[in-house]
Structure formats: C-alpha cells, structure tokens
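I have placed the structure first, in the form of structure tokens, so that the comments after it can refer back to it.
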Amino acid sequence: MNKVYKTAAEALDGLLHDGMLVAAGGFGLCGIPELLIDAIVASGVKDLTVASNNAGVDDFGLGKLLATRQIKKMMSSYVGENAEFMRQYLSGELELEFNPQGTLAERMRAGGAGIPGFYTQTGVGTQIAETKEVKQFGGKDYILEEGIFADLSIVKAWKADDTGNLIFRKTARNFNPPAAMCGKVCVAEVEEIVPRGSIDPDHIHLPGIYVHRLIQGQHEKRIEQRTTRPRPEGATRKREEA
Amino acid sequence: MNKVYKTAAEALDGLLHDGMLVAAGGFGLCGIPELLIDAIVASGVKDLTVASNNAGVDDFGLGKLLATRQIKKMMSSYVGENAEFMRQYLSGELELEFNPQGTLAERMRAGGAGIPGFYTQTGVGTQIAETKEVKQFGGKDYILEEGIFADLSIVKAWKADDTGNLIFRKTARNFNPPAAMCGKVCVAEVEEIVPRGSIDPDHIHLPGIYVHRLIQGQHEKRIEQRTTRPRPEGATRKREEA
Amino acid sequence: MPWDRNQMAARAAQELEDGMYVNLGIGIPTLVANYVGDKDITLQSENGMLGMGPFPYVGEEDPDLINAGKQTITELARTSYFDSATSFGMIRGGKIAAAVLGAMEVSEKGDLANWMIPGKLVKGMGGAMDLVAGVGRVVVVMDHTNKHGDSKVLKECTLPLTGKGVVDRIITNLGVLDVTHKGLHIVECADGVTRDDIITATEATIV
Amino acid sequence: MPWDRNQMAARAAQELEDGMYVNLGIGIPTLVANYVGDKDITLQSENGMLGMGPFPYVGEEDPDLINAGKQTITELARTSYFDSATSFGMIRGGKIAAAVLGAMEVSEKGDLANWMIPGKLVKGMGGAMDLVAGVGRVVVVMDHTNKHGDSKVLKECTLPLTGKGVVDRIITNLGVLDVTHKGLHIVECADGVTRDDIITATEATIV
C-alpha cells in the first residue's frame, strides 16, 4: 500500500476524464487543494462538474479552472468573489446549481456514507425546493436532497501520515472531510507527510481509508480578506477569552 | 454559563420524567455513562425508552435499569450479553426495537443534525424493512429510516473543559457523539474536567454546544472480555505495526 | 432620531442571553459582537468554528483561521473546530439558539429574502437558508426602507425567498417589530420615532 | 479431508489483497487475521477503529480499547479512532473492501441469515446488516452442514435474513463456492473432497 506520490500530476495520473464530477474541499481560499487544482488545469481535462462551496477568485483556486473554461457546471453555495464566474454564468456559458451551504456539506457526507437521499427543512418554501420531493414529518414539510457521489475528491489537509490519516488545522478543515468522503477516489495534498505512528490516533480528523493518494507540497495559502486590529502596547497573547 | 455540576443526581435534576426517550452512549460496557445510569436508577423514573446500542450486562450499565424494570422499551442492535433482558423480552415484559448498528448510529446523528429521515440500503429485503417506506435511487431499493430525537442524552467522555468541549479516548468514543447530538438536553460524565484553553481546539471531538451539563467522577470501566496474549521475553512495546 | 448601524447592533445585542450559542451574519449583525457586554455568548462561524474571537493583531493573521465572511480572525480559550457537515448539523439541528441576519426584504408572515436579486445579484445563499431553517430564533437587522425610500417590511416579499415564515423579530433603524400570526407587532420605537412613523414607513400590516 | 477452522480461515485470507481495508466477523473470521502473511491489510473494528492490533500482553488491557466482540485489543501505528456514525458511514459508503462473516444459512441467491433464530436466539444483528449491505465484497465462512448434518447452503434461507443477495463467496469446510446469477459455482474443493461430496452436502443448486 503506497499512497504517497511525488507530484500532483502523478497523483492524478489515470484519474481524470472529460465530463467527470469532482468534489473539492475548501471554504473561500481557506483549505483549498491548490496544487491539485493547478494540476487539473495543466491536464486539460474538460466539461467538469465541480461540487465546491465556492469557486475561488479570478486568478486563484477554482477560478483558474473557470478561466480555462474547463468547468461546465458548478454546485456551490456562494460564488460572490469571482467576476469571471459571474460573467460566464450570466451569459449562459456555465451551469450553476446553487445549494444551501449546509445542504451541500450534508449531500457530500451522505454520498460518502452510502445515503442516497435525506430530508431537510432547509430551503422549504424557496426556489431551492421547486423541483424537489416534499414529505411531512411530524406535520412539517421537508424536502428530499440527494447524496453526492463524486468520481474524484480533491482535498487539502495540514498533515498526513503515510497511510493517509489526515489532520486539518483550524478553519481550514471546513468542507475537506465531507468532500473526501464522497469521492470514489480521493487525492489529498498536505503540508507535511509524517511517518505512521507520529499522530495520536485520537487526533486524526479523517481516517486514511478515505484517502487513496497523497502528496506533500508548498502552499501559497492566500488570504482573501486580511482584517486586523491595532496591537495594544505590550499585548502578546494570541489566544484570549472573550 | 455554568455547565459543571457536583453529582450525577444534581446534573439530572429537573430533566427526568416518566415515559421519556433517553439516548445513551457506549458500546458494550466501553464508554458507557455509568454514573448517570446509576443516578437514573436512584431517581425511580420509569417507563423509559432507551436508545442504546447494547443493554449492558445483568449487574452493570443499562442492565441495572432493566433489573429495576424502569425501561419499557429498548432501541438497540445487540443485546446478547444480558440474560435478564432476554427473559423480559421473551416474556413480553419489555419492548425491543432492533436497529442495525449503523442505522442506529445514523438515526442518532440525523436527529442531532435536524434530519428527520434518510434512505439506506441496510436491511433491505429483511424483516427490518417490513414496515418501512421503500424508495428507488439509481434503480436500487433503499428504505426510509427516521432520525431519533431524544428528550435526554447521557454520555461518557474522557475529558471535558468547563465549557463542555469533550474528548474521548480510543474506542470509548463509539456511540457517544451521535447520542449526545440527538438529545434536547445532553448530560456528560467525564474522568477529568480541565480549564477552558487546556485542550487544543483541533483535538476536540465534540463541541460544547452539544453538552448542557457536566460532571466529573470515578469510573469503574469494567472490562467485558479480558483477552490477552503471553508477553514474549523482553517485549515492552505497546504500539506496534502489523 | 432613527438608530444608526451601531445603535441597531446594540439593540440586537439585547436579544442575546447568557450562555447562548449565536450566529451573526455579515454587515450590521457582525457589529452585534461589540455590544454583548458581560454576557457569556459563544459565536459560531459556520465554516467550522465555535468561539470566534476578534480580528488578529497586525502580523498575526493566519490563513487557516477565517470567519464565514472570509476575514482573518482569532480563537478563544473555548474554541473548537469542526468540519462543514458537523457545523451545519448543529445549525439544522437547532443547537444554535439565535441568528442575527441582514435582509433585503421581510414580510409580515416572517418570510425573509436576503440572497438574490434575479438577473442582477447572483452570489448565492451561502449558509443563510440553513440558518433560518434551523436556529432557534431569527432576528433580522436592516434599514426600514431602501435607498429609494421604499419599505423593506412588506406584505409579501418580491425577491426570491431565503426562508418562509422564519423571522421572529425585525430590528430596523426605526424600531423593533415582532412577527405574530396576525401581523407585525411594534415592540419598541427608536428614540424620537413614533408608532405612526413606523406605520408610515411600513408596507406590511401592523397590528 | 474437510478443512478445519484454521484451514478455512487460511483459505479466506487468500481473498484479501494488499492495501485492503477489511472487516472480520466474530468466530472463524477472526482467525483470518492470523493468515494474512505479508499482505498489508488494515482491519476495521466497527465500534470505531481502523488498524486493529492483536490482544494486549497480560496487564496491558485497556477498558477503553476493545473490538466489536468486546475483547480487549491493541492499536497499531496506522490506527485511527472515530465514532459509530462515522464508522458505519465508511461501511455503508462502500469504503470497506471486504467483510468475512460467519453464517447460519446462505442461499444460492446470496441471501444470508446469521442473526436470529425466532423464539430462541434474539441477540440482535449488531453491525451485520450494515456490513453486508455496504462493503465491497462479502465472503462467508462456515461449516457446510449443521450439527444435525443438514445443509446450511440452501435454495432459500429458512431463518430471518441479514441481507438479500449480498454474499459473493462461500468458504466452507468442504470448499469454496461462488454465488452466480445461475446458482452456486464450485471454485475449489478441500483436499480429498470431491465435487460430488459438495453437491451431496448442498441443498442449493450447483451449476
């Protein structure tokens, strides 16, 4: 069992085909599989459907795959930071399936957990519900949402061991675990691969069973909105109580 | 916000009523809320429905609540270690709803996640499916299973901070997180309560939002089947590779 | 005089009680955090965090630590992190006591529109539909009228809905209104604003 | 001569391939772990663990570390722990490549009965229904006949089912049979056992 590959291109070798469904982790530009996205751009694969909460920005993350027109359809909850996205969508060049953020996350988890459909109150009475089956539980309406079963998952984690056990860091976890779960094959990129046994097994966020291939690489980790406050004289604490 | 109580009885004060639905964590005797079970025995509350994977053994865990006849119905996947359970069930004194283990776990998680129903292939074509709605996805049959919404959850964790953030230890995690999620109120018992900030926030298994009350106590942690192997001369490693 | 943004946020902060887990939307709702005072409130960021702290000091920004508005933030002693499925599990499951959200339109039945202007603004609903469907109490904070002076408190929303019958309380620059089954009920007027001022500025039925 | 328990386990171990994540049931299936040799197999314990190790040395038993049979076990360098919902998520989701399970009865259509004898044995299905519905490949290991000499490989199961059409391969003390859409196909006979011996001991259709 060797899951460790040298480059993103090698890790994706044989996994890409036109028209496939790719699930990608990340929220905004935080915790996105930037190296794998670059390798997919380079591969030239096209007509992709991509399930990802956001669509990157114009020149980074999934925005690069939009720029090259390799994406046919996005399944997302929020695409507000991407002008090219908006242009392609409004001109009809790009299909867009809006999913409420929690519905998207749950649809990915469900796909990974072998659940083809579940009921939720989210979106009842809105245009999200228009094409969906409604069912009552306890006198209330719920709509049926379907699990997402992706051909490929691409995710970013902080560390991995060589068996693919992953740990994430802070809010960079976000969609990565559910995205990883819903793919027939999952490729993960991490900042550091450590030997098995180096991570406390109670600290593992995503067991290696979900991760088929693995690369270590340098990440830009771009910040979308750098918000700060002035440092009071002598303040050094990074973690404080409200 | 004070979640920390002195005793199990105090932590349960005002939460118990006859006929209520209680979700309990644990697998076998591993990771069971033994102190809270004892306090429920002492409270005398009756006609309980208890959702728990197992039913304890005759003199420990939920077996104590069976001995006092405080349980009207069990929702479980496996009750093989409990002779009194078997007697009450076969004589018709106790109701029993068998759930496949994964279905039970998912029903608890679903209840906690506001999902009233989900479809699964587990149990299709068996007596589990007899009373359940069937729906096809991709040409295959799936059955509808409903979320469990408990009045009270009782769980056992290893450590907590005073805001109720929980960490579990090894396989004692098991049903505790989904059980905790599905309760209107959740009471947790732990081996140690540490100050907030003592636990790395990336190591927390169950966020404190799921935990309303908390006690620290001494646990027996009984072993059901003590299986060992002889120690070879000089062997000291506790963790080894297969 | 109508309330300004900060006064609206301060008024919204009064809705929050000790021990609550709360989600604050983008815009004026974000300012609510500045007015919770001594109350022990835990803020959720729906991208996977409970216990959201203030912006970092200059130089301490961490690309792995952002809020749902993609801004760099900090953690607190109570903080926990989790994935998006878990995060929305707690939202959908009713574990979040209250959400304070902005709005484009609210109806007298509690319908909320805050995610889309057809043909014009297609950013997406993000987590808003999940929040209004799942949290215990939905408080909307917004200006009473739009920049053309038209009421944003309507008999029926004209924009695509975020949720139907989901709003509990509306806090505007003019005052506080509750959604009841009979119509909107004026709870409070901003200093110097009269009931009649609110009624004039409101298209919806006031009872 | 028919295979004994250990020979059946050793034969079942041949079903497992390098890199597989596998779930072994209680009884003979547990013995399969002793025969995987150099193959890199990761064992799941469905109570929330991947990378199950052997029994602990005397004195090192940990009440927080048990397998699905409630036996004390150990962890390995590759081990991870998770909750029961996640554990069965990976089972139901098809992430476990194979399960090796015991059985009371198997039918020629691949139906499996291994959890209940009505009025007599009501222990419960545990995780068996989830496993047979979810894992990639289900291998049954059992004696070909019961203690009365009756075939356990039947046209139709008589006991309540664990799963319908779920078994891929049957390994008994007499040999190895595959479930095909036409009936059972004899893949292999134990040393000294003939095809006719298997046909005689089998109620189901052999093709």
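Chain labels follow the order of the structure tokens: the first chain is A, the next B, and so on; residue numbering restarts at 1 in every chain, and ligands are counted from 1 in their shown order.
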Write down as an MDAnalysis selection string the residues belonging to segment 5-200 of chain C that are assigned strand (DSSP E or B) by DSSP computed on the backbone.
chainID C and resid 21:24 42:45 49:52 57 66 71:72 75:81 98:101 105:107 112:113 117 121 137:142 145 151 153:154 163 169:172 175:180 183:189
Using C-alpha atoms, can you write the selected residues to a file as a PDB file, in the first residue's frame?
ATOM      1  CA  TYR C  21     -24.554  29.961  21.052  1.00  0.00           C
ATOM      2  CA  VAL C  22     -25.172  32.527  18.335  1.00  0.00           C
ATOM      3  CA  ASN C  23     -24.501  33.034  14.646  1.00  0.00           C
ATOM      4  CA  LEU C  24     -24.038  36.582  13.379  1.00  0.00           C
ATOM      5  CA  THR C  42     -20.314  31.897  22.085  1.00  0.00           C
ATOM      6  CA  LEU C  43     -20.196  32.912  18.435  1.00  0.00           C
ATOM      7  CA  GLN C  44     -20.375  30.297  15.726  1.00  0.00           C
ATOM      8  CA  SER C  45     -18.677  30.775  12.400  1.00  0.00           C
ATOM      9  CA  MET C  49     -15.773  27.092  14.475  1.00  0.00           C
ATOM     10  CA  LEU C  50     -17.415  27.830  17.797  1.00  0.00           C
ATOM     11  CA  GLY C  51     -15.893  30.563  19.931  1.00  0.00           C
ATOM     12  CA  MET C  52     -14.943  33.139  17.320  1.00  0.00           C
ATOM     13  CA  TYR C  57      -3.177  41.888  15.740  1.00  0.00           C
ATOM     14  CA  ILE C  66     -11.077  32.847   8.879  1.00  0.00           C
ATOM     15  CA  GLN C  71     -11.970  37.667   7.229  1.00  0.00           C
ATOM     16  CA  THR C  72      -8.969  36.719   9.343  1.00  0.00           C
ATOM     17  CA  GLU C  75      -9.563  31.836  18.531  1.00  0.00           C
ATOM     18  CA  LEU C  76     -10.518  31.928  22.209  1.00  0.00           C
ATOM     19  CA  ALA C  77      -9.954  29.558  25.117  1.00  0.00           C
ATOM     20  CA  ARG C  78     -13.353  27.989  24.478  1.00  0.00           C
ATOM     21  CA  THR C  79     -12.832  27.500  20.739  1.00  0.00           C
ATOM     22  CA  SER C  80     -13.496  24.260  18.911  1.00  0.00           C
ATOM     23  CA  TYR C  81     -13.110  23.475  15.214  1.00  0.00           C
ATOM     24  CA  ALA C  98     -30.212  32.521  17.646  1.00  0.00           C
ATOM     25  CA  ALA C  99     -29.042  34.033  14.396  1.00  0.00           C
ATOM     26  CA  VAL C 100     -28.855  37.751  13.685  1.00  0.00           C
ATOM     27  CA  LEU C 101     -29.027  38.342   9.952  1.00  0.00           C
ATOM     28  CA  GLU C 105     -36.974  42.250   2.420  1.00  0.00           C
ATOM     29  CA  VAL C 106     -39.058  40.792   5.232  1.00  0.00           C
ATOM     30  CA  SER C 107     -42.775  40.032   5.055  1.00  0.00           C
ATOM     31  CA  LEU C 112     -37.128  36.538   4.511  1.00  0.00           C
ATOM     32  CA  ALA C 113     -35.366  37.496   1.266  1.00  0.00           C
ATOM     33  CA  ILE C 117     -31.836  39.818  -6.967  1.00  0.00           C
ATOM     34  CA  LEU C 121     -27.029  39.696  -7.980  1.00  0.00           C
ATOM     35  CA  ARG C 137     -34.651  32.330  16.859  1.00  0.00           C
ATOM     36  CA  VAL C 138     -34.081  34.509  13.799  1.00  0.00           C
ATOM     37  CA  VAL C 139     -33.557  38.235  14.355  1.00  0.00           C
ATOM     38  CA  VAL C 140     -33.283  40.424  11.287  1.00  0.00           C
ATOM     39  CA  VAL C 141     -31.387  43.710  11.421  1.00  0.00           C
ATOM     40  CA  MET C 142     -31.790  46.109   8.483  1.00  0.00           C
ATOM     41  CA  THR C 145     -36.544  51.385   3.862  1.00  0.00           C
ATOM     42  CA  SER C 151     -40.393  49.934   2.630  1.00  0.00           C
ATOM     43  CA  VAL C 153     -41.069  45.461   5.510  1.00  0.00           C
ATOM     44  CA  LEU C 154     -43.692  44.111   3.146  1.00  0.00           C
ATOM     45  CA  GLY C 163     -36.973  31.120   4.097  1.00  0.00           C
ATOM     46  CA  ARG C 169     -38.114  39.721  15.232  1.00  0.00           C
ATOM     47  CA  ILE C 170     -37.141  42.633  12.986  1.00  0.00           C
ATOM     48  CA  ILE C 171     -34.834  45.373  14.241  1.00  0.00           C
ATOM     49  CA  THR C 172     -34.650  48.383  11.927  1.00  0.00           C
ATOM     50  CA  GLY C 175     -37.598  50.295  15.958  1.00  0.00           C
ATOM     51  CA  VAL C 176     -38.340  46.698  16.822  1.00  0.00           C
ATOM     52  CA  LEU C 177     -41.171  44.611  15.353  1.00  0.00           C
ATOM     53  CA  ASP C 178     -42.298  41.081  16.158  1.00  0.00           C
ATOM     54  CA  VAL C 179     -43.812  38.693  13.657  1.00  0.00           C
ATOM     55  CA  THR C 180     -47.109  37.379  15.031  1.00  0.00           C
ATOM     56  CA  GLY C 183     -49.275  40.643  11.502  1.00  0.00           C
ATOM     57  CA  LEU C 184     -46.392  42.706  12.759  1.00  0.00           C
ATOM     58  CA  HIS C 185     -46.416  43.999  16.308  1.00  0.00           C
ATOM     59  CA  ILE C 186     -44.404  47.103  17.227  1.00  0.00           C
ATOM     60  CA  VAL C 187     -42.322  46.232  20.285  1.00  0.00           C
ATOM     61  CA  GLU C 188     -40.256  49.377  20.550  1.00  0.00           C
ATOM     62  CA  CYS C 189     -39.633  52.657  18.715  1.00  0.00           C
TER      63      CYS C 189
END
At a cut-off of 10 Å, list the chain B residues touching chain C, using only C-alpha atoms, as a PDB file with N, CA and C atoms, in the first residue's frame.
ATOM      1  N   MET B   1     -22.774  31.131  32.157  1.00  0.00           N
ATOM      2  CA  MET B   1     -22.866  29.763  31.644  1.00  0.00           C
ATOM      3  C   MET B   1     -22.087  28.815  32.550  1.00  0.00           C
ATOM      4  N   ASN B   2     -22.797  28.167  33.477  1.00  0.00           N
ATOM      5  CA  ASN B   2     -22.114  27.151  34.272  1.00  0.00           C
ATOM      6  C   ASN B   2     -22.686  25.786  33.958  1.00  0.00           C
ATOM      7  N   LYS B   3     -21.863  24.945  33.374  1.00  0.00           N
ATOM      8  CA  LYS B   3     -22.330  23.616  32.982  1.00  0.00           C
ATOM      9  C   LYS B   3     -21.909  22.543  33.982  1.00  0.00           C
ATOM     10  N   ARG B 109     -27.355  10.499  14.836  1.00  0.00           N
ATOM     11  CA  ARG B 109     -26.706  11.658  14.227  1.00  0.00           C
ATOM     12  C   ARG B 109     -27.714  12.493  13.456  1.00  0.00           C
ATOM     13  N   ALA B 110     -28.614  11.830  12.716  1.00  0.00           N
ATOM     14  CA  ALA B 110     -29.611  12.541  11.922  1.00  0.00           C
ATOM     15  C   ALA B 110     -30.489  13.395  12.830  1.00  0.00           C
ATOM     16  N   GLY B 111     -30.972  12.807  13.928  1.00  0.00           N
ATOM     17  CA  GLY B 111     -31.796  13.575  14.861  1.00  0.00           C
ATOM     18  C   GLY B 111     -31.062  14.820  15.331  1.00  0.00           C
ATOM     19  N   GLY B 112     -29.791  14.656  15.658  1.00  0.00           N
ATOM     20  CA  GLY B 112     -28.991  15.793  16.115  1.00  0.00           C
ATOM     21  C   GLY B 112     -28.747  16.813  15.036  1.00  0.00           C
ATOM     22  N   ALA B 113     -28.772  16.376  13.778  1.00  0.00           N
ATOM     23  CA  ALA B 113     -28.482  17.269  12.659  1.00  0.00           C
ATOM     24  C   ALA B 113     -29.756  17.767  11.979  1.00  0.00           C
ATOM     25  N   GLY B 114     -30.911  17.586  12.636  1.00  0.00           N
ATOM     26  CA  GLY B 114     -32.153  18.115  12.089  1.00  0.00           C
ATOM     27  C   GLY B 114     -32.640  17.401  10.843  1.00  0.00           C
ATOM     28  N   ILE B 115     -32.246  16.148  10.713  1.00  0.00           N
ATOM     29  CA  ILE B 115     -32.651  15.354   9.548  1.00  0.00           C
ATOM     30  C   ILE B 115     -33.678  14.322  10.008  1.00  0.00           C
ATOM     31  N   PRO B 116     -34.945  14.499   9.615  1.00  0.00           N
ATOM     32  CA  PRO B 116     -35.987  13.614  10.142  1.00  0.00           C
ATOM     33  C   PRO B 116     -36.009  12.241   9.485  1.00  0.00           C
ATOM     34  N   PHE B 149     -34.948  11.724  17.967  1.00  0.00           N
ATOM     35  CA  PHE B 149     -34.911  12.983  18.703  1.00  0.00           C
ATOM     36  C   PHE B 149     -35.188  12.650  20.171  1.00  0.00           C
ATOM     37  N   ASP B 161     -13.550  20.337  28.927  1.00  0.00           N
ATOM     38  CA  ASP B 161     -13.238  21.614  29.562  1.00  0.00           C
ATOM     39  C   ASP B 161     -14.528  22.149  30.163  1.00  0.00           C
ATOM     40  N   ASP B 162     -14.447  23.237  30.902  1.00  0.00           N
ATOM     41  CA  ASP B 162     -15.626  23.703  31.639  1.00  0.00           C
ATOM     42  C   ASP B 162     -16.713  24.258  30.718  1.00  0.00           C
ATOM     43  N   THR B 163     -16.399  24.452  29.428  1.00  0.00           N
ATOM     44  CA  THR B 163     -17.460  24.872  28.501  1.00  0.00           C
ATOM     45  C   THR B 163     -18.126  23.661  27.840  1.00  0.00           C
ATOM     46  N   GLY B 164     -17.725  22.461  28.226  1.00  0.00           N
ATOM     47  CA  GLY B 164     -18.379  21.258  27.716  1.00  0.00           C
ATOM     48  C   GLY B 164     -17.747  20.659  26.482  1.00  0.00           C
ATOM     49  N   ASN B 165     -16.679  21.237  25.998  1.00  0.00           N
ATOM     50  CA  ASN B 165     -15.957  20.606  24.892  1.00  0.00           C
ATOM     51  C   ASN B 165     -15.438  19.246  25.361  1.00  0.00           C
ATOM     52  N   LEU B 166     -15.674  18.195  24.576  1.00  0.00           N
ATOM     53  CA  LEU B 166     -15.325  16.843  25.023  1.00  0.00           C
ATOM     54  C   LEU B 166     -14.246  16.206  24.159  1.00  0.00           C
ATOM     55  N   MET B 181     -25.557  14.228  20.341  1.00  0.00           N
ATOM     56  CA  MET B 181     -26.145  15.163  19.373  1.00  0.00           C
ATOM     57  C   MET B 181     -27.665  15.107  19.358  1.00  0.00           C
ATOM     58  N   CYS B 182     -28.247  13.947  19.584  1.00  0.00           N
ATOM     59  CA  CYS B 182     -29.683  13.782  19.328  1.00  0.00           C
ATOM     60  C   CYS B 182     -30.574  14.157  20.504  1.00  0.00           C
ATOM     61  N   LYS B 184     -32.407  16.657  23.292  1.00  0.00           N
ATOM     62  CA  LYS B 184     -32.785  18.059  23.549  1.00  0.00           C
ATOM     63  C   LYS B 184     -31.847  18.630  24.607  1.00  0.00           C
ATOM     64  N   PRO B 195      -9.563  23.250  32.725  1.00  0.00           N
ATOM     65  CA  PRO B 195      -9.985  24.620  32.397  1.00  0.00           C
ATOM     66  C   PRO B 195     -10.048  24.823  30.882  1.00  0.00           C
ATOM     67  N   ARG B 196     -10.951  25.719  30.462  1.00  0.00           N
ATOM     68  CA  ARG B 196     -11.020  26.045  29.034  1.00  0.00           C
ATOM     69  C   ARG B 196      -9.653  26.523  28.552  1.00  0.00           C
ATOM     70  N   GLY B 197      -9.303  26.165  27.356  1.00  0.00           N
ATOM     71  CA  GLY B 197      -7.988  26.527  26.828  1.00  0.00           C
ATOM     72  C   GLY B 197      -6.945  25.444  27.028  1.00  0.00           C
ATOM     73  N   SER B 198      -7.264  24.446  27.864  1.00  0.00           N
ATOM     74  CA  SER B 198      -6.281  23.372  28.106  1.00  0.00           C
ATOM     75  C   SER B 198      -6.251  22.356  26.977  1.00  0.00           C
ATOM     76  N   ILE B 199      -7.323  22.310  26.204  1.00  0.00           N
ATOM     77  CA  ILE B 199      -7.390  21.334  25.120  1.00  0.00           C
ATOM     78  C   ILE B 199      -7.184  22.058  23.792  1.00  0.00           C
ATOM     79  N   ASP B 200      -6.279  21.547  22.971  1.00  0.00           N
ATOM     80  CA  ASP B 200      -6.101  22.095  21.626  1.00  0.00           C
ATOM     81  C   ASP B 200      -7.452  22.042  20.906  1.00  0.00           C
ATOM     82  N   PRO B 201      -7.937  23.183  20.400  1.00  0.00           N
ATOM     83  CA  PRO B 201      -9.268  23.177  19.778  1.00  0.00           C
ATOM     84  C   PRO B 201      -9.383  22.281  18.549  1.00  0.00           C
ATOM     85  N   ASP B 202      -8.261  21.867  17.995  1.00  0.00           N
ATOM     86  CA  ASP B 202      -8.297  20.901  16.896  1.00  0.00           C
ATOM     87  C   ASP B 202      -8.384  19.458  17.389  1.00  0.00           C
ATOM     88  N   HIS B 203      -8.277  19.260  18.696  1.00  0.00           N
ATOM     89  CA  HIS B 203      -8.362  17.900  19.250  1.00  0.00           C
ATOM     90  C   HIS B 203      -9.728  17.604  19.850  1.00  0.00           C
ATOM     91  N   ILE B 204     -10.595  18.609  19.858  1.00  0.00           N
ATOM     92  CA  ILE B 204     -11.918  18.414  20.468  1.00  0.00           C
ATOM     93  C   ILE B 204     -12.766  17.529  19.563  1.00  0.00           C
ATOM     94  N   HIS B 205     -13.334  16.464  20.140  1.00  0.00           N
ATOM     95  CA  HIS B 205     -14.156  15.544  19.352  1.00  0.00           C
ATOM     96  C   HIS B 205     -15.613  15.991  19.292  1.00  0.00           C
ATOM     97  N   LEU B 206     -16.093  16.577  20.384  1.00  0.00           N
ATOM     98  CA  LEU B 206     -17.498  17.005  20.411  1.00  0.00           C
ATOM     99  C   LEU B 206     -17.546  18.410  21.008  1.00  0.00           C
ATOM    100  N   PRO B 207     -17.950  19.405  20.205  1.00  0.00           N
ATOM    101  CA  PRO B 207     -18.002  20.787  20.706  1.00  0.00           C
ATOM    102  C   PRO B 207     -19.014  20.939  21.843  1.00  0.00           C
ATOM    103  N   GLY B 208     -18.706  21.833  22.758  1.00  0.00           N
ATOM    104  CA  GLY B 208     -19.517  22.046  23.946  1.00  0.00           C
ATOM    105  C   GLY B 208     -20.954  22.444  23.676  1.00  0.00           C
ATOM    106  N   ILE B 209     -21.252  22.897  22.488  1.00  0.00           N
ATOM    107  CA  ILE B 209     -22.630  23.265  22.169  1.00  0.00           C
ATOM    108  C   ILE B 209     -23.572  22.075  22.353  1.00  0.00           C
ATOM    109  N   TYR B 210     -23.042  20.870  22.240  1.00  0.00           N
ATOM    110  CA  TYR B 210     -23.873  19.678  22.382  1.00  0.00           C
ATOM    111  C   TYR B 210     -24.036  19.249  23.838  1.00  0.00           C
ATOM    112  N   HIS B 212     -24.884  20.166  27.733  1.00  0.00           N
ATOM    113  CA  HIS B 212     -25.544  21.162  28.569  1.00  0.00           C
ATOM    114  C   HIS B 212     -25.130  21.076  30.026  1.00  0.00           C
TER     115      HIS B 212
END
For the atom pair atom CA of Val207 of chain D and atom CA of Glu156 of chain D, what is the interatomic distance in Å to one decimal place?
16.0 Å
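One finds atom CA of Ile143 of chain A at 25.8 Å from atom CA of Lys155 of chain C.
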